[in-house]
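For reference, entry-v8.pdb is printed below; it contains PDB, C-alpha atoms (C1' of nucleotides).
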ATOM      1  CA  MET A   1     113.613  88.132 120.628  1.00  0.00           C
ATOM      2  CA  MET A   2     111.108  90.636 119.607  1.00  0.00           C
ATOM      3  CA  GLN A   3     107.933  90.537 121.559  1.00  0.00           C
ATOM      4  CA  LYS A   4     105.043  91.816 119.535  1.00  0.00           C
ATOM      5  CA  GLU A   5     103.759  94.929 121.222  1.00  0.00           C
ATOM      6  CA  LYS A   6     100.341  96.228 120.424  1.00  0.00           C
ATOM      7  CA  LYS A   7     101.313  99.428 118.746  1.00  0.00           C
ATOM      8  CA  THR A   8      98.474 101.814 118.128  1.00  0.00           C
ATOM      9  CA  VAL A   9     100.671 103.589 115.619  1.00  0.00           C
ATOM     10  CA  THR A  10     102.222 101.738 112.700  1.00  0.00           C
ATOM     11  CA  ASP A  11     105.749 102.219 111.397  1.00  0.00           C
ATOM     12  CA  PHE A  12     104.393 104.009 108.386  1.00  0.00           C
ATOM     13  CA  GLN A  13     102.692 106.609 110.543  1.00  0.00           C
ATOM     14  CA  GLU A  14     105.801 107.082 112.655  1.00  0.00           C
ATOM     15  CA  LYS A  15     107.757 107.704 109.501  1.00  0.00           C
ATOM     16  CA  VAL A  16     105.265 110.294 108.363  1.00  0.00           C
ATOM     17  CA  TYR A  17     105.257 112.096 111.698  1.00  0.00           C
ATOM     18  CA  ALA A  18     109.040 112.092 111.781  1.00  0.00           C
ATOM     19  CA  ALA A  19     109.148 113.717 108.355  1.00  0.00           C
ATOM     20  CA  VAL A  20     106.602 116.343 109.379  1.00  0.00           C
ATOM     21  CA  LYS A  21     108.560 117.181 112.510  1.00  0.00           C
ATOM     22  CA  ARG A  22     111.589 117.673 110.276  1.00  0.00           C
ATOM     23  CA  ILE A  23     109.875 120.611 108.610  1.00  0.00           C
ATOM     24  CA  PRO A  24     111.602 123.819 109.735  1.00  0.00           C
ATOM     25  CA  GLN A  25     109.451 126.556 111.135  1.00  0.00           C
ATOM     26  CA  GLY A  26     108.333 129.083 108.572  1.00  0.00           C
ATOM     27  CA  LYS A  27     108.315 126.475 105.822  1.00  0.00           C
ATOM     28  CA  VAL A  28     105.700 124.189 104.363  1.00  0.00           C
ATOM     29  CA  THR A  29     105.590 120.979 102.366  1.00  0.00           C
ATOM     30  CA  THR A  30     103.118 119.075 100.259  1.00  0.00           C
ATOM     31  CA  TYR A  31     101.638 115.658 100.781  1.00  0.00           C
ATOM     32  CA  LYS A  32     103.390 114.406  97.694  1.00  0.00           C
ATOM     33  CA  LEU A  33     106.791 115.622  98.846  1.00  0.00           C
ATOM     34  CA  LEU A  34     106.129 114.149 102.248  1.00  0.00           C
ATOM     35  CA  ALA A  35     105.149 110.873 100.657  1.00  0.00           C
ATOM     36  CA  LYS A  36     108.464 110.906  98.838  1.00  0.00           C
ATOM     37  CA  GLU A  37     110.261 111.235 102.160  1.00  0.00           C
ATOM     38  CA  VAL A  38     108.597 108.084 103.415  1.00  0.00           C
ATOM     39  CA  ARG A  39     109.071 106.357 100.061  1.00  0.00           C
ATOM     40  CA  CYS A  40     105.347 106.144  99.530  1.00  0.00           C
ATOM     41  CA  LYS A  41     103.817 106.402  96.077  1.00  0.00           C
ATOM     42  CA  SER A  42     100.519 107.514  97.431  1.00  0.00           C
ATOM     43  CA  SER A  43     100.169 110.801  99.216  1.00  0.00           C
ATOM     44  CA  GLN A  44      96.672 109.899 100.221  1.00  0.00           C
ATOM     45  CA  ALA A  45      97.998 107.421 102.747  1.00  0.00           C
ATOM     46  CA  VAL A  46     100.082 110.250 104.201  1.00  0.00           C
ATOM     47  CA  GLY A  47      96.989 112.379 104.555  1.00  0.00           C
ATOM     48  CA  GLN A  48      95.287 109.620 106.465  1.00  0.00           C
ATOM     49  CA  ALA A  49      98.189 109.376 108.860  1.00  0.00           C
ATOM     50  CA  LEU A  50      97.931 113.082 109.589  1.00  0.00           C
ATOM     51  CA  LYS A  51      94.206 112.916 109.957  1.00  0.00           C
ATOM     52  CA  ARG A  52      94.633 110.176 112.519  1.00  0.00           C
ATOM     53  CA  ASN A  53      97.547 112.163 113.920  1.00  0.00           C
ATOM     54  CA  PRO A  54      97.755 110.972 117.569  1.00  0.00           C
ATOM     55  CA  PHE A  55     100.515 113.514 118.223  1.00  0.00           C
ATOM     56  CA  ALA A  56      98.381 116.521 117.405  1.00  0.00           C
ATOM     57  CA  PRO A  57     100.417 119.307 119.091  1.00  0.00           C
ATOM     58  CA  MET A  58     103.614 117.356 118.659  1.00  0.00           C
ATOM     59  CA  VAL A  59     103.426 117.229 114.885  1.00  0.00           C
ATOM     60  CA  PRO A  60     103.009 120.505 112.971  1.00  0.00           C
ATOM     61  CA  CYS A  61     100.530 119.021 110.544  1.00  0.00           C
ATOM     62  CA  HIS A  62      99.416 122.537 109.668  1.00  0.00           C
ATOM     63  CA  ARG A  63     102.664 122.945 107.719  1.00  0.00           C
ATOM     64  CA  VAL A  64     101.499 120.332 105.246  1.00  0.00           C
ATOM     65  CA  ILE A  65      99.501 121.505 102.260  1.00  0.00           C
ATOM     66  CA  LEU A  66      98.312 120.095  98.950  1.00  0.00           C
ATOM     67  CA  SER A  67     100.597 119.845  95.931  1.00  0.00           C
ATOM     68  CA  ASP A  68      98.225 122.317  94.370  1.00  0.00           C
ATOM     69  CA  LEU A  69      99.521 124.797  96.941  1.00  0.00           C
ATOM     70  CA  SER A  70      96.073 124.987  98.452  1.00  0.00           C
ATOM     71  CA  ILE A  71      95.479 124.925 102.187  1.00  0.00           C
ATOM     72  CA  GLY A  72      94.214 121.368 102.167  1.00  0.00           C
ATOM     73  CA  GLY A  73      92.384 120.174 105.266  1.00  0.00           C
ATOM     74  CA  PHE A  74      92.663 120.327 109.011  1.00  0.00           C
ATOM     75  CA  ALA A  75      91.085 118.717 112.076  1.00  0.00           C
ATOM     76  CA  GLY A  76      89.470 116.160 109.801  1.00  0.00           C
ATOM     77  CA  GLN A  77      87.687 118.742 107.701  1.00  0.00           C
ATOM     78  CA  THR A  78      88.403 119.884 104.178  1.00  0.00           C
ATOM     79  CA  HIS A  79      86.399 123.003 104.698  1.00  0.00           C
ATOM     80  CA  GLY A  80      85.136 124.953 107.679  1.00  0.00           C
ATOM     81  CA  GLU A  81      86.322 127.185 110.449  1.00  0.00           C
ATOM     82  CA  GLU A  82      89.100 124.742 111.297  1.00  0.00           C
ATOM     83  CA  ILE A  83      90.629 125.432 107.928  1.00  0.00           C
ATOM     84  CA  THR A  84      90.645 129.122 108.702  1.00  0.00           C
ATOM     85  CA  ARG A  85      92.385 128.265 111.953  1.00  0.00           C
ATOM     86  CA  LYS A  86      95.061 126.417 110.002  1.00  0.00           C
ATOM     87  CA  GLN A  87      95.540 129.414 107.772  1.00  0.00           C
ATOM     88  CA  MET A  88      95.975 131.622 110.812  1.00  0.00           C
ATOM     89  CA  LEU A  89      98.548 129.258 112.277  1.00  0.00           C
ATOM     90  CA  LEU A  90     100.534 129.434 109.071  1.00  0.00           C
ATOM     91  CA  LYS A  91     100.270 133.197 109.138  1.00  0.00           C
ATOM     92  CA  GLN A  92     101.966 133.171 112.515  1.00  0.00           C
ATOM     93  CA  GLU A  93     104.735 131.120 110.944  1.00  0.00           C
ATOM     94  CA  GLY A  94     105.219 133.841 108.382  1.00  0.00           C
ATOM     95  CA  ILE A  95     103.374 131.963 105.654  1.00  0.00           C
ATOM     96  CA  LEU A  96     100.645 133.898 103.938  1.00  0.00           C
ATOM     97  CA  PHE A  97      97.858 132.511 101.807  1.00  0.00           C
ATOM     98  CA  ASP A  98      96.086 134.186  98.960  1.00  0.00           C
ATOM     99  CA  ASN A  99      92.551 133.115  98.109  1.00  0.00           C
ATOM    100  CA  GLY A 100      93.214 129.704  99.653  1.00  0.00           C
ATOM    101  CA  LYS A 101      96.513 129.350  97.764  1.00  0.00           C
ATOM    102  CA  LEU A 102     100.034 129.668  99.087  1.00  0.00           C
ATOM    103  CA  CYS A 103     101.333 133.167  98.469  1.00  0.00           C
ATOM    104  CA  ASP A 104     105.069 132.540  98.867  1.00  0.00           C
ATOM    105  CA  ILE A 105     105.955 129.542  96.746  1.00  0.00           C
ATOM    106  CA  GLY A 106     109.572 129.802  97.885  1.00  0.00           C
ATOM    107  CA  GLN A 107     108.538 128.758 101.362  1.00  0.00           C
ATOM    108  CA  ILE A 108     108.046 125.171 100.268  1.00  0.00           C
ATOM    109  CA  HIS A 109     110.522 122.777 101.850  1.00  0.00           C
ATOM    110  CA  TYR A 110     111.875 120.628  99.028  1.00  0.00           C
ATOM    111  CA  SER A 111     113.635 117.377  99.777  1.00  0.00           C
TER     112      SER A 111
ATOM    113  C1'  DT B   1      89.659  88.119 104.364  1.00  0.00           C
ATOM    114  C1'  DC B   2      87.167  91.668 101.963  1.00  0.00           C
ATOM    115  C1'  DT B   3      85.199  96.304 101.360  1.00  0.00           C
ATOM    116  C1'  DG B   4      84.795 101.077 101.917  1.00  0.00           C
ATOM    117  C1'  DT B   5      86.802 105.427 102.798  1.00  0.00           C
ATOM    118  C1'  DG B   6      90.131 109.358 102.780  1.00  0.00           C
ATOM    119  C1'  DA B   7      93.486 116.351 105.353  1.00  0.00           C
ATOM    120  C1'  DC B   8      95.472 113.274  97.595  1.00  0.00           C
ATOM    121  C1'  DC B   9      97.392 113.509  92.469  1.00  0.00           C
ATOM    122  C1'  DG B  10      97.165 113.805  87.568  1.00  0.00           C
ATOM    123  C1'  DC B  11      95.030 113.674  83.269  1.00  0.00           C
ATOM    124  C1'  DT B  12      91.200 114.643  80.121  1.00  0.00           C
ATOM    125  C1'  DG B  13      87.056 117.146  78.283  1.00  0.00           C
TER     126       DG B  13
ATOM    127  C1'  DA C   1      89.043 127.905  84.919  1.00  0.00           C
ATOM    128  C1'  DC C   2      86.161 123.990  86.430  1.00  0.00           C
ATOM    129  C1'  DA C   3      84.271 119.152  86.733  1.00  0.00           C
ATOM    130  C1'  DG C   4      84.652 114.378  86.224  1.00  0.00           C
ATOM    131  C1'  DC C   5      87.178 110.086  86.447  1.00  0.00           C
ATOM    132  C1'  DG C   6      90.597 106.677  87.758  1.00  0.00           C
ATOM    133  C1'  DG C   7      94.712 105.375  90.357  1.00  0.00           C
ATOM    134  C1'  DC C   8      97.284 104.979  94.316  1.00  0.00           C
ATOM    135  C1'  DC C   9      98.395 103.282  99.395  1.00  0.00           C
ATOM    136  C1'  DA C  10      97.164 102.454 104.185  1.00  0.00           C
ATOM    137  C1'  DC C  11      93.722 101.861 107.854  1.00  0.00           C
ATOM    138  C1'  DA C  12      89.227 100.679 110.207  1.00  0.00           C
ATOM    139  C1'  DG C  13      85.287  97.809 110.700  1.00  0.00           C
TER     140       DG C  13
END
Final structure tokens representation of the file:
Amino acid sequence: MMQKEKKTVTDFQEKVYAAVKRIPQGKVTTYKLLAKEVRCKSSQAVGQALKRNPFAPMVPCHRVILSDLSIGGFAGQTHGEEITRKQMLLKQEGILFDNGKLCDIGQIHYS
DNA sequence: TCTGTGACCGCTG
DNA sequence: ACAGCGGCCACAG
């Protein structure tokens, strides 16, 4: 029998985190693509999962960007120094941004 | 149970 | 190129 445990994280979130962890280093993905991985029609729900990301250092949420190839958000902010931090993290992964847009389109991890 | 909100997406003007 | 609007799903209070 399945005892109901009080899970702070829902199955949906686990699915999202699993997909993010699947992203190879030096590559990026978009919320929409990620949503596709979890069979979700809304990428916004995916964004919420990352925002609430309880596995901050465990999940490379900085590898997730907008479908518009823009940097997106980070640390719960859509703009600010934290965003610059995200850009720097990506730079260390070998991913460069140009004027807030992804420079190397070929670095996107397609499903 | 209902409502508001969000690290979004796409179209239209 | 930019701004506005609606739609979409999941979560918190």
Worksheet entry | Polymer residues at most 9 Å from region 4-10 of chain B, all atoms listed in the file, same-chain spacing of 5 or more positions, as a list in words |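 Contacts, in chain order: Tyr31, Lys32, Ser42, Ser43, Gln44, Ala45, Val46, Gly47, Gln48, Leu50, Lys51, Val64, Ile65, Leu66, Ser67, Gly72, Gly73, Phe74, Ala75, Gly76, Gln77 and Thr78 of chain A; DG7 and DC8 of chain C.
When all atoms listed in the file are used to measure the gap to Cys40 (chain A), the shortest distance among A:Gln13, A:Gln107, A:Thr8, A:Thr84 belongs to A:Gln13.
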Worksheet item: In Å, how far is it from CA of Gln25 (chain A) to CA of Thr10 (chain A)?
Response: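 Taking CA of Gln25 (chain A) as the start and CA of Thr10 (chain A) as the end point, the length is 25.9 Å.
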Do you have, as a Markdown table, the list of residues of chain C lying at most 9 Å from chain A, each with its nearest atom pair and that distance in Å to one decimal, counting only C-alpha atoms (C1' of nucleotides) and ordered by chain then number?
| residue | atom | partner | partner_atom | distance |
| --- | --- | --- | --- | --- |
| C:DC8 | C1' | A:Ser42 | CA | 5.2 |
| C:DC9 | C1' | A:Ser42 | CA | 5.1 |
| C:DA10 | C1' | A:Ala45 | CA | 5.2 |
| C:DC11 | C1' | A:Gln48 | CA | 8.0 |
Taking the file as I've supplied it (selection: the PyMOL selection byres ((chain A and resi 109) around 6)), which residues are included? Please answer as a PDB file with C-alpha atoms, keeping the file's coordinate frame.
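Contents of result_14.pdb, freshly written:
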ATOM      1  CA  LYS A  27     108.315 126.475 105.822  1.00  0.00           C
ATOM      2  CA  VAL A  28     105.700 124.189 104.363  1.00  0.00           C
ATOM      3  CA  THR A  29     105.590 120.979 102.366  1.00  0.00           C
ATOM      4  CA  ILE A 108     108.046 125.171 100.268  1.00  0.00           C
ATOM      5  CA  TYR A 110     111.875 120.628  99.028  1.00  0.00           C
TER       6      TYR A 110
END
Practice prompt. Record the distance separating C1' of DG4 (chain C) and CA of Ala35 (chain A), expressed in Å with one decimal.
Written response: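 CA of Ala35 (chain A) lies 25.3 Å from C1' of DG4 (chain C).
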Discussion item. What does the structure give for the distance between CA of Ala56 (chain A) and CA of Ile95 (chain A), in Å to one decimal?
Written reply: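 That distance, rounded to one decimal, is 20.0 Å.
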Extending 4 Å beyond the listed atoms of region 2-11 of chain C on each side, what axis-aligned box results? I want centre and edge lengths in Å to one decimal, as JSON.
{"center_x": 91.3, "center_y": 112.9, "center_z": 97.0, "size_x": 22.1, "size_y": 30.1, "size_z": 29.6}
